[in-house]
Structures are given as structure tokens and as C-alpha cells.
$ cat entry.tsv   # TSV, C-alpha atoms
chain	number	residue	atom	x	y	z
A	1	MET	CA	-14.34	1.94	-14.42
A	2	LYS	CA	-15.36	4.18	-11.55
A	3	THR	CA	-12.35	5.56	-9.69
A	4	VAL	CA	-11.97	7.10	-6.25
A	5	LEU	CA	-9.20	9.10	-4.62
A	6	SER	CA	-8.03	8.13	-1.15
A	7	THR	CA	-6.33	10.89	0.84
A	8	LYS	CA	-4.49	8.21	2.81
A	9	ILE	CA	-2.31	5.33	1.59
A	10	LEU	CA	-4.37	2.19	2.15
A	11	SER	CA	-3.21	-1.20	3.39
A	12	PRO	CA	-3.17	-4.15	0.94
A	13	SER	CA	-6.36	-5.60	2.46
A	14	GLN	CA	-8.10	-2.22	2.28
A	15	LYS	CA	-7.12	-1.80	-1.37
A	16	GLN	CA	-8.52	-5.26	-2.08
A	17	LEU	CA	-11.94	-4.18	-0.84
A	18	LEU	CA	-12.08	-1.64	-3.65
A	19	LEU	CA	-10.58	-3.92	-6.28
A	20	ASN	CA	-13.01	-6.73	-5.44
A	21	ALA	CA	-15.86	-4.31	-6.07
A	22	GLY	CA	-14.49	-3.41	-9.49
A	23	LEU	CA	-13.44	0.07	-8.44
A	24	GLY	CA	-10.23	1.81	-9.40
A	25	PHE	CA	-8.39	4.07	-6.99
A	26	VAL	CA	-5.64	6.63	-6.68
A	27	GLU	CA	-4.02	7.17	-3.29
A	28	TYR	CA	-1.70	9.62	-1.58
A	29	ASN	CA	-1.11	10.98	1.91
A	30	ALA	CA	-2.82	14.36	2.14
A	31	ILE	CA	-1.19	15.04	5.50
A	32	LYS	CA	2.15	14.30	7.13
A	33	ILE	CA	2.39	13.29	10.80
A	34	ILE	CA	5.64	14.31	12.47
A	35	PRO	CA	6.31	13.23	16.09
A	36	ILE	CA	7.86	15.99	18.20
A	37	ASP	CA	9.80	16.02	21.45
A	38	PHE	CA	7.74	16.60	24.58
A	39	GLU	CA	7.92	16.32	28.33
A	40	ILE	CA	5.45	15.27	30.98
A	41	THR	CA	5.87	17.79	33.76
A	42	HIS	CA	2.47	17.31	35.44
A	43	SER	CA	0.87	14.32	37.10
A	44	ALA	CA	-2.77	13.44	36.46
A	45	ASP	CA	-5.40	10.85	37.31
A	46	ASN	CA	-5.98	9.99	33.65
A	47	PHE	CA	-4.55	10.28	30.14
A	48	ILE	CA	-6.58	11.17	27.03
A	49	PHE	CA	-5.79	10.11	23.45
A	50	THR	CA	-8.08	11.07	20.57
A	51	SER	CA	-6.03	9.54	17.74
A	52	LYS	CA	-3.65	6.72	16.89
A	53	ASN	CA	-1.09	9.36	15.90
A	54	ALA	CA	-0.96	10.63	19.48
A	55	VAL	CA	-0.62	7.09	20.82
A	56	LYS	CA	2.22	6.32	18.41
A	57	ALA	CA	4.08	9.48	19.40
A	58	PHE	CA	3.58	8.70	23.09
A	59	LEU	CA	4.79	5.11	22.68
A	60	LYS	CA	7.84	6.23	20.72
A	61	LYS	CA	8.82	8.55	23.54
A	62	LYS	CA	7.98	6.00	26.22
A	63	THR	CA	10.12	3.27	24.68
A	64	GLY	CA	12.93	5.50	23.46
A	65	GLU	CA	15.11	7.84	25.47
A	66	VAL	CA	12.95	8.58	28.45
A	67	HIS	CA	12.82	11.98	30.09
A	68	PRO	CA	13.04	11.82	33.90
A	69	SER	CA	9.42	13.00	34.10
A	70	PHE	CA	8.38	9.64	32.65
A	71	GLU	CA	9.87	7.76	35.56
A	72	LYS	CA	6.89	8.76	37.69
A	73	THR	CA	4.42	7.26	35.27
A	74	ARG	CA	6.45	4.26	34.10
A	75	PRO	CA	5.52	1.97	37.05
A	76	LYS	CA	1.80	2.68	36.71
A	77	ILE	CA	0.41	4.66	33.81
A	78	PRO	CA	-2.92	6.25	34.78
A	79	ASN	CA	-6.21	5.06	33.38
A	80	ILE	CA	-6.74	6.02	29.76
A	81	PHE	CA	-9.68	7.64	27.99
A	82	CYS	CA	-9.69	7.55	24.19
A	83	VAL	CA	-11.60	8.15	20.97
A	84	GLY	CA	-12.15	5.42	18.39
A	85	GLU	CA	-11.88	1.66	18.32
A	86	ASN	CA	-8.57	1.71	16.43
A	87	THR	CA	-7.04	4.05	19.01
A	88	ARG	CA	-8.27	1.77	21.77
A	89	ALA	CA	-6.90	-1.32	20.03
A	90	LEU	CA	-3.44	0.23	19.65
A	91	LEU	CA	-3.36	1.22	23.32
A	92	GLU	CA	-4.43	-2.21	24.51
A	93	GLU	CA	-1.98	-3.96	22.18
A	94	ASN	CA	0.74	-2.12	24.07
A	95	GLY	CA	-0.54	-3.11	27.48
A	96	LEU	CA	-2.26	0.16	28.37
A	97	LYS	CA	-5.60	0.08	30.20
A	98	VAL	CA	-8.47	1.88	28.49
A	99	VAL	CA	-11.33	2.60	30.89
A	100	LYS	CA	-13.49	4.79	28.65
A	101	ASN	CA	-13.82	4.93	24.88
A	102	ALA	CA	-16.11	7.17	22.80
A	103	GLU	CA	-16.98	7.54	19.14
A	104	ASN	CA	-15.77	11.14	18.96
A	105	ALA	CA	-14.12	13.82	21.08
A	106	SER	CA	-17.36	15.63	21.90
A	107	LYS	CA	-18.97	12.49	23.30
A	108	LEU	CA	-15.84	11.71	25.30
A	109	GLY	CA	-15.84	15.23	26.75
A	110	GLU	CA	-19.50	14.93	27.74
A	111	MET	CA	-18.81	11.55	29.37
A	112	ILE	CA	-15.93	12.99	31.38
A	113	ALA	CA	-17.96	16.04	32.41
A	114	LYS	CA	-20.80	13.83	33.63
A	115	LYS	CA	-18.93	11.09	35.50
A	116	HIS	CA	-15.34	12.24	36.13
A	117	LYS	CA	-15.66	15.91	36.95
A	118	ASN	CA	-13.36	15.81	39.99
A	119	GLU	CA	-10.49	14.01	38.25
A	120	SER	CA	-7.48	15.46	36.42
A	121	PHE	CA	-6.36	14.71	32.86
A	122	LEU	CA	-3.41	14.97	30.50
A	123	PHE	CA	-4.58	15.31	26.88
A	124	PHE	CA	-1.97	14.08	24.34
A	125	CYS	CA	-2.70	15.74	21.02
A	126	GLY	CA	-1.37	17.25	17.80
A	127	ASN	CA	-0.83	20.88	16.84
A	128	ARG	CA	-4.00	20.92	14.72
A	129	LYS	CA	-6.30	19.41	17.34
A	130	ARG	CA	-10.00	20.14	17.27
A	131	LYS	CA	-11.39	22.44	19.96
A	132	GLU	CA	-14.46	20.42	21.00
A	133	LEU	CA	-12.85	18.38	23.80
A	134	PRO	CA	-10.82	21.18	25.46
A	135	THR	CA	-13.86	23.47	25.27
A	136	ILE	CA	-16.12	20.96	27.03
A	137	LEU	CA	-13.52	20.23	29.73
A	138	ALA	CA	-12.86	23.92	30.38
A	139	LYS	CA	-16.57	24.78	30.41
A	140	ASN	CA	-17.14	22.16	33.12
A	141	GLY	CA	-14.19	23.25	35.26
A	142	ILE	CA	-12.27	20.02	34.77
A	143	THR	CA	-8.53	20.09	35.47
A	144	PHE	CA	-6.56	19.19	32.34
A	145	LYS	CA	-3.37	20.01	30.50
A	146	GLU	CA	-2.71	19.63	26.78
A	147	ILE	CA	0.58	18.08	25.68
A	148	GLU	CA	1.36	18.32	21.97
A	149	VAL	CA	3.19	15.19	20.84
A	150	TYR	CA	3.07	15.51	17.05
A	151	ASN	CA	2.62	18.02	14.25
A	152	THR	CA	0.20	17.61	11.37
A	153	GLU	CA	1.44	19.19	8.16
A	154	LEU	CA	-0.72	19.57	5.06
A	155	ASN	CA	0.62	17.86	1.95
A	156	PRO	CA	-1.48	19.37	-0.87
A	157	LYS	CA	-1.36	17.81	-4.33
A	158	LYS	CA	-3.11	19.02	-7.45
A	159	PHE	CA	-5.12	16.49	-9.48
A	160	ASP	CA	-5.96	17.37	-13.08
A	161	ARG	CA	-8.57	14.67	-13.47
A	162	SER	CA	-11.99	13.82	-12.11
A	163	PHE	CA	-12.97	11.13	-9.60
A	164	ASN	CA	-16.25	9.50	-8.68
A	165	GLY	CA	-15.50	10.07	-5.03
A	166	VAL	CA	-12.84	11.28	-2.60
A	167	LEU	CA	-12.13	9.52	0.71
A	168	PHE	CA	-11.33	11.63	3.75
A	169	PHE	CA	-10.11	10.32	7.11
A	170	SER	CA	-9.55	13.59	8.99
A	171	PRO	CA	-10.56	17.26	8.82
A	172	SER	CA	-6.93	18.12	8.00
A	173	ALA	CA	-7.08	15.87	4.94
A	174	VAL	CA	-10.10	17.82	3.72
A	175	GLU	CA	-8.19	21.07	4.24
A	176	SER	CA	-5.19	19.72	2.37
A	177	TYR	CA	-7.16	18.43	-0.63
A	178	THR	CA	-9.31	21.53	-1.02
A	179	GLU	CA	-6.31	23.84	-0.80
A	180	VAL	CA	-5.50	23.07	-4.45
A	181	ASN	CA	-8.55	21.10	-5.67
A	182	GLN	CA	-12.31	21.57	-5.75
A	183	LEU	CA	-14.88	19.01	-4.67
A	184	ASN	CA	-17.76	20.57	-6.62
A	185	ASN	CA	-20.40	17.83	-6.51
A	186	ILE	CA	-18.01	14.87	-6.15
A	187	ALA	CA	-19.06	12.42	-3.42
A	188	ALA	CA	-17.03	12.99	-0.26
A	189	PHE	CA	-16.75	9.80	1.81
A	190	CYS	CA	-15.93	10.76	5.40
A	191	ILE	CA	-14.75	8.55	8.25
A	192	GLY	CA	-16.82	10.45	10.84
A	193	ASN	CA	-18.92	13.49	11.67
A	194	THR	CA	-15.99	15.75	12.51
A	195	THR	CA	-14.42	15.13	9.11
A	196	ALA	CA	-17.83	15.57	7.48
A	197	GLU	CA	-18.26	18.99	9.10
A	198	GLU	CA	-15.09	20.17	7.37
A	199	ALA	CA	-16.22	18.63	4.07
A	200	LYS	CA	-19.58	20.44	4.29
A	201	ILE	CA	-17.72	23.70	3.74
A	202	HIS	CA	-16.97	22.49	0.22
A	203	THR	CA	-19.80	20.14	-0.83
A	204	ASN	CA	-23.24	18.87	0.13
A	205	ASN	CA	-22.60	15.45	-1.40
A	206	ILE	CA	-21.34	13.69	1.73
A	207	ILE	CA	-21.49	10.05	2.81
A	208	ILE	CA	-20.45	9.28	6.40
A	209	ALA	CA	-19.22	5.89	7.60
A	210	ASN	CA	-21.50	4.02	10.02
A	211	LYS	CA	-18.45	3.34	12.19
A	212	PRO	CA	-15.35	5.59	12.30
A	213	THR	CA	-13.00	3.11	10.63
A	214	ILE	CA	-11.22	3.06	7.29
A	215	GLU	CA	-12.82	-0.27	6.46
A	216	ASN	CA	-16.35	0.99	7.04
A	217	THR	CA	-15.62	4.08	4.98
A	218	LEU	CA	-14.61	1.76	2.15
A	219	VAL	CA	-17.81	-0.23	2.61
A	220	GLN	CA	-19.79	2.98	2.07
A	221	VAL	CA	-17.80	3.65	-1.11
A	222	VAL	CA	-18.69	0.22	-2.48
A	223	LYS	CA	-22.37	0.55	-1.53
A	224	PHE	CA	-22.63	3.97	-3.12
A	225	LEU	CA	-20.64	3.45	-6.31
A	226	ASN	CA	-21.17	-0.25	-6.97
A	227	PRO	CA	-24.32	-1.33	-5.09
A	228	HIS	CA	-24.58	-4.65	-6.94
A	229	LYS	CA	-21.33	-5.98	-5.45
$ encode --input "entry.tsv" --output "C-alpha cells"
Amino acid sequence: MKTVLSTKILSPSQKQLLLNAGLGFVEYNAIKIIPIDFEITHSADNFIFTSKNAVKAFLKKKTGEVHPSFEKTRPKIPNIFCVGENTRALLEENGLKVVKNAENASKLGEMIAKKHKNESFLFFCGNRKRKELPTILAKNGITFKEIEVYNTELNPKKFDRSFNGVLFFSPSAVESYTEVNQLNNIAAFCIGNTTAEEAKIHTNNIIIANKPTIENTLVQVVKFLNPHK
């Protein structure tokens, strides 16, 4: 049986996609997400979220013990710009209005630079955020402030066995896995281009999901390793 390694614990339905295709799997969390305390001390026209982790940390703060700075935004949270369909879904499930959504941070930055240059932004992010979005905003003279709302910690684990493929859902997961393991020529299934860029440091055997979702990444695994299913 062909077996893959997922660097993220999958949901029951996601696991079933692999099992139905006759594939075995091993799973673990290659990174740990730790919400941190933060304050909103600036007002802005818009909020930016590039991950579900940032949204979760924001919501936890918003619904928990609220700092006085939140009182200004509680009646009317500004319009929200985000990256990814899953991030958008989580925001909208919690009653927050998403006005712009992009496939990745670079595309979102370009969209903002083109159509929202005179507006201000608060960017809720993690400590290991990518530089593409802040670089584009700064280059175009757009007013923004970064607010770190969670920490990403690597959780490396050594595997003394081979796999037919490794699934990566973030650049940090690639960093974590390759800290103590080698990819060599193992297929690296990546959720998006940003994750793939990190994987390219370690292998040329890369398959990128057509859509940046866990489910579509799993579809690529099945197509590649068990095309008859």
C-alpha cells in the first residue's frame, strides 16, 4: 500500500478521501499555533487576514476579555480583506463582512495597491508571516500596521521510514519537516504556491493544489498516487 505523510492532523472526512483511494497515511502537526495577547491601538478603514489562524486568534480576543481599544471597533468592524476561501468562510460564519478575497497574499497586495491606495489597513498576522504583502503595501505607500496575534512554533519530528509523498499546508510546515528529515525525491504535495516555493529549496518533485484547500491537495495526492480511483 502506498502511504503518505500529512504534516497536519486531518479531519475524519479528509482522512476518508485517502482511505477510499486505497492509500495509507501517517499524520502529525508539524507546527503549533499559539494565540498571544494583543491590543488594537490604531483605527483603520480595513482589516486584513491572510490565514484562519489569525481569524481564530482575533475572534478569541473579541469574544473573551475585551481590551478597551476594542470598544471602538465592536459596534462596526471595518471592511475585511482576506486570503483564501477557508479564511473567508470562517470570517463570514462569524458575521464579519469580507469585501475582497484573493488566492494568495501577493495578489491581495496588488489588488489593494491598485484599487484601495488611499485607505488604511490593520494586518492581523503571526510571528512567522511572509513578507510579500507588507512589502507590496509599503512599496505603494499604503498606510498599514501589523498586529501579531499568534505565534507559529515548529514541531519537528524525525521519521525513520519512507513515504510515497508528504503533504504540506504552509511554508512553516516545510521548514519543520526538513529540519530533521530529507525530502530527496519524494513527492511534495503543496496547498499553494507560497508553500511550494519553500518546498523547492528541498526538492523538484512538487505537485501544487489547483485550489488552496486541504481537500484539493488530497485530490492531487489521489490523482498522482492512485490515478485509477
$ residues_near_point --input "entry.tsv" --point "(-11.1, 2.9, 28.5)" --cutoff "6 Å" --atoms "only C-alpha atoms" --output "ChimeraX atom specification"
/A:80-81,98-101
$ residues_around --input "entry.tsv" --residues "A:Asn140" --least-positions-apart "2" --cutoff "8 Å" --atoms "only C-alpha atoms" --output "PyMOL selection string"
chain A and resi 113+117+136-138+142
$ closest_residue --input "entry.tsv" --among "A:Phe124, A:Phe159, A:Leu225, A:Pro171" --to "A:Ala187" --atoms "all atoms listed in the file"
A:Leu225
$ closest_residue --input "entry.tsv" --among "A:Lys223, A:Lys115, A:Lys32, A:Lys139" --to "A:Ile9" --atoms "only C-alpha atoms"
A:Lys32
$ residues_near_point --input "entry.tsv" --point "(-7.1, 13.2, 5.4)" --cutoff "12 Å" --atoms "only C-alpha atoms" --output "mmCIF file with C-alpha atoms, in the frame of the given file"
data_model
loop_
_atom_site.group_PDB
_atom_site.id
_atom_site.type_symbol
_atom_site.label_atom_id
_atom_site.label_comp_id
_atom_site.auth_asym_id
_atom_site.auth_seq_id
_atom_site.Cartn_x
_atom_site.Cartn_y
_atom_site.Cartn_z
ATOM 1 C CA LEU A 5 -9.200 9.100 -4.620
ATOM 2 C CA SER A 6 -8.030 8.130 -1.150
ATOM 3 C CA THR A 7 -6.330 10.890 0.840
ATOM 4 C CA LYS A 8 -4.490 8.210 2.810
ATOM 5 C CA ILE A 9 -2.310 5.330 1.590
ATOM 6 C CA LEU A 10 -4.370 2.190 2.150
ATOM 7 C CA GLU A 27 -4.020 7.170 -3.290
ATOM 8 C CA TYR A 28 -1.700 9.620 -1.580
ATOM 9 C CA ASN A 29 -1.110 10.980 1.910
ATOM 10 C CA ALA A 30 -2.820 14.360 2.140
ATOM 11 C CA ILE A 31 -1.190 15.040 5.500
ATOM 12 C CA LYS A 32 2.150 14.300 7.130
ATOM 13 C CA ILE A 33 2.390 13.290 10.800
ATOM 14 C CA THR A 152 0.200 17.610 11.370
ATOM 15 C CA GLU A 153 1.440 19.190 8.160
ATOM 16 C CA LEU A 154 -0.720 19.570 5.060
ATOM 17 C CA ASN A 155 0.620 17.860 1.950
ATOM 18 C CA PRO A 156 -1.480 19.370 -0.870
ATOM 19 C CA VAL A 166 -12.840 11.280 -2.600
ATOM 20 C CA LEU A 167 -12.130 9.520 0.710
ATOM 21 C CA PHE A 168 -11.330 11.630 3.750
ATOM 22 C CA PHE A 169 -10.110 10.320 7.110
ATOM 23 C CA SER A 170 -9.550 13.590 8.990
ATOM 24 C CA PRO A 171 -10.560 17.260 8.820
ATOM 25 C CA SER A 172 -6.930 18.120 8.000
ATOM 26 C CA ALA A 173 -7.080 15.870 4.940
ATOM 27 C CA VAL A 174 -10.100 17.820 3.720
ATOM 28 C CA GLU A 175 -8.190 21.070 4.240
ATOM 29 C CA SER A 176 -5.190 19.720 2.370
ATOM 30 C CA TYR A 177 -7.160 18.430 -0.630
ATOM 31 C CA THR A 178 -9.310 21.530 -1.020
ATOM 32 C CA ALA A 188 -17.030 12.990 -0.260
ATOM 33 C CA PHE A 189 -16.750 9.800 1.810
ATOM 34 C CA CYS A 190 -15.930 10.760 5.400
ATOM 35 C CA ILE A 191 -14.750 8.550 8.250
ATOM 36 C CA GLY A 192 -16.820 10.450 10.840
ATOM 37 C CA THR A 194 -15.990 15.750 12.510
ATOM 38 C CA THR A 195 -14.420 15.130 9.110
ATOM 39 C CA ALA A 196 -17.830 15.570 7.480
ATOM 40 C CA GLU A 198 -15.090 20.170 7.370
ATOM 41 C CA ALA A 199 -16.220 18.630 4.070
ATOM 42 C CA ILE A 214 -11.220 3.060 7.290
#
$ closest_residue --input "entry.tsv" --among "A:Leu218, A:Ile208, A:Ile36, A:Met1" --to "A:Gly22" --atoms "only C-alpha atoms"
A:Met1
$ atom_distance --input "entry.tsv" --atom1 "atom CA of A:Phe144" --atom2 "atom CA of A:Asp45"
9.8 Å
$ residues_around --input "entry.tsv" --residues "A:Pro134" --least-positions-apart "3" --cutoff "12 Å" --atoms "all atoms listed in the file" --output "PyMOL selection string"
chain A and resi 48+50+105-106+108-110+112-113+121-125+129-131+137-147
$ residues_around --input "entry.tsv" --residues "A:Asn104" --least-positions-apart "3" --cutoff "7 Å" --atoms "all atoms listed in the file" --output "ChimeraX atom specification"
/A:83-84,107-108
$ closest_residue --input "entry.tsv" --among "A:Ser162, A:Thr213, A:Asn205, A:Asn127" --to "A:Ala54" --atoms "only C-alpha atoms"
A:Asn127
$ atom_distance --input "entry.tsv" --atom1 "atom CA of A:Ala21" --atom2 "atom CA of A:Asn185"
22.6 Å
$ axis_aligned_box --input "entry.tsv" --around "stretch 156-166 of chain A" --padding-each-side "5 Å" --output "AutoDock Vina command-line options"
--center_x -8.8 --center_y 14.4 --center_z -7.2 --size_x 24.9 --size_y 19.9 --size_z 22.6
$ atom_distance --input "entry.tsv" --atom1 "atom CA of A:Ser51" --atom2 "atom CA of A:Gln14"
19.5 Å
$ closest_residue --input "entry.tsv" --among "A:Ile186, A:Leu18, A:Ala44, A:Ile34" --to "A:Ile77" --atoms "all atoms listed in the file"
A:Ala44
$ closest_residue --input "entry.tsv" --among "A:Lys97, A:Phe58, A:Val26, A:Asn79" --to "A:His116" --atoms "all atoms listed in the file"
A:Asn79
$ residues_around --input "entry.tsv" --residues "A:Asn184" --least-positions-apart "4" --cutoff "9 Å" --atoms "only C-alpha atoms" --output "number ranges by chain"
A: 202-205
$ build_atoms --input "entry.tsv" --residues "stretch 20-41 of chain A" --atoms "N, CA and C atoms" --output "short mmCIF file (atom, residue, chain, number, x, y, z; two decimals), keeping the file's coordinate frame"
data_model
loop_
_atom_site.label_atom_id
_atom_site.label_comp_id
_atom_site.auth_asym_id
_atom_site.auth_seq_id
_atom_site.Cartn_x
_atom_site.Cartn_y
_atom_site.Cartn_z
N ASN A 20 -12.01 -5.67 -5.37
CA ASN A 20 -13.01 -6.73 -5.44
C ASN A 20 -14.37 -6.21 -5.89
N ALA A 21 -14.60 -4.93 -5.66
CA ALA A 21 -15.86 -4.31 -6.07
C ALA A 21 -15.78 -3.71 -7.47
N GLY A 22 -14.65 -3.93 -8.14
CA GLY A 22 -14.49 -3.41 -9.49
C GLY A 22 -14.26 -1.92 -9.55
N LEU A 23 -13.71 -1.37 -8.49
CA LEU A 23 -13.44 0.07 -8.44
C LEU A 23 -11.95 0.34 -8.57
N GLY A 24 -11.62 1.37 -9.32
CA GLY A 24 -10.23 1.81 -9.40
C GLY A 24 -9.96 2.85 -8.32
N PHE A 25 -8.69 3.06 -8.01
CA PHE A 25 -8.39 4.07 -6.99
C PHE A 25 -7.02 4.69 -7.23
N VAL A 26 -6.91 5.91 -6.75
CA VAL A 26 -5.64 6.63 -6.68
C VAL A 26 -5.46 6.98 -5.21
N GLU A 27 -4.25 6.91 -4.71
CA GLU A 27 -4.02 7.17 -3.29
C GLU A 27 -2.79 8.03 -3.06
N TYR A 28 -2.84 8.82 -2.02
CA TYR A 28 -1.70 9.62 -1.58
C TYR A 28 -1.96 10.03 -0.14
N ASN A 29 -0.94 10.49 0.55
CA ASN A 29 -1.11 10.98 1.91
C ASN A 29 -1.30 12.49 1.89
N ALA A 30 -2.50 12.94 2.19
CA ALA A 30 -2.82 14.36 2.14
C ALA A 30 -2.21 15.13 3.30
N ILE A 31 -1.83 14.40 4.35
CA ILE A 31 -1.19 15.04 5.50
C ILE A 31 0.05 14.25 5.91
N LYS A 32 0.96 14.93 6.59
CA LYS A 32 2.15 14.30 7.13
C LYS A 32 2.11 14.42 8.65
N ILE A 33 2.37 13.30 9.35
CA ILE A 33 2.39 13.29 10.80
C ILE A 33 3.84 13.22 11.26
N ILE A 34 4.26 14.22 12.04
CA ILE A 34 5.64 14.31 12.47
C ILE A 34 5.71 14.33 14.01
N PRO A 35 6.18 13.24 14.63
CA PRO A 35 6.31 13.23 16.09
C PRO A 35 7.28 14.33 16.55
N ILE A 36 7.00 14.95 17.67
CA ILE A 36 7.86 15.99 18.20
C ILE A 36 8.27 15.64 19.63
N ASP A 37 9.33 16.27 20.09
CA ASP A 37 9.80 16.02 21.45
C ASP A 37 8.83 16.67 22.44
N PHE A 38 8.63 16.04 23.56
CA PHE A 38 7.74 16.60 24.58
C PHE A 38 8.16 16.07 25.94
N GLU A 39 7.65 16.73 26.96
CA GLU A 39 7.92 16.32 28.33
C GLU A 39 6.62 16.25 29.12
N ILE A 40 6.58 15.33 30.05
CA ILE A 40 5.45 15.27 30.98
C ILE A 40 5.93 15.89 32.29
N THR A 41 5.42 17.06 32.56
CA THR A 41 5.87 17.79 33.76
C THR A 41 4.76 17.86 34.81
#
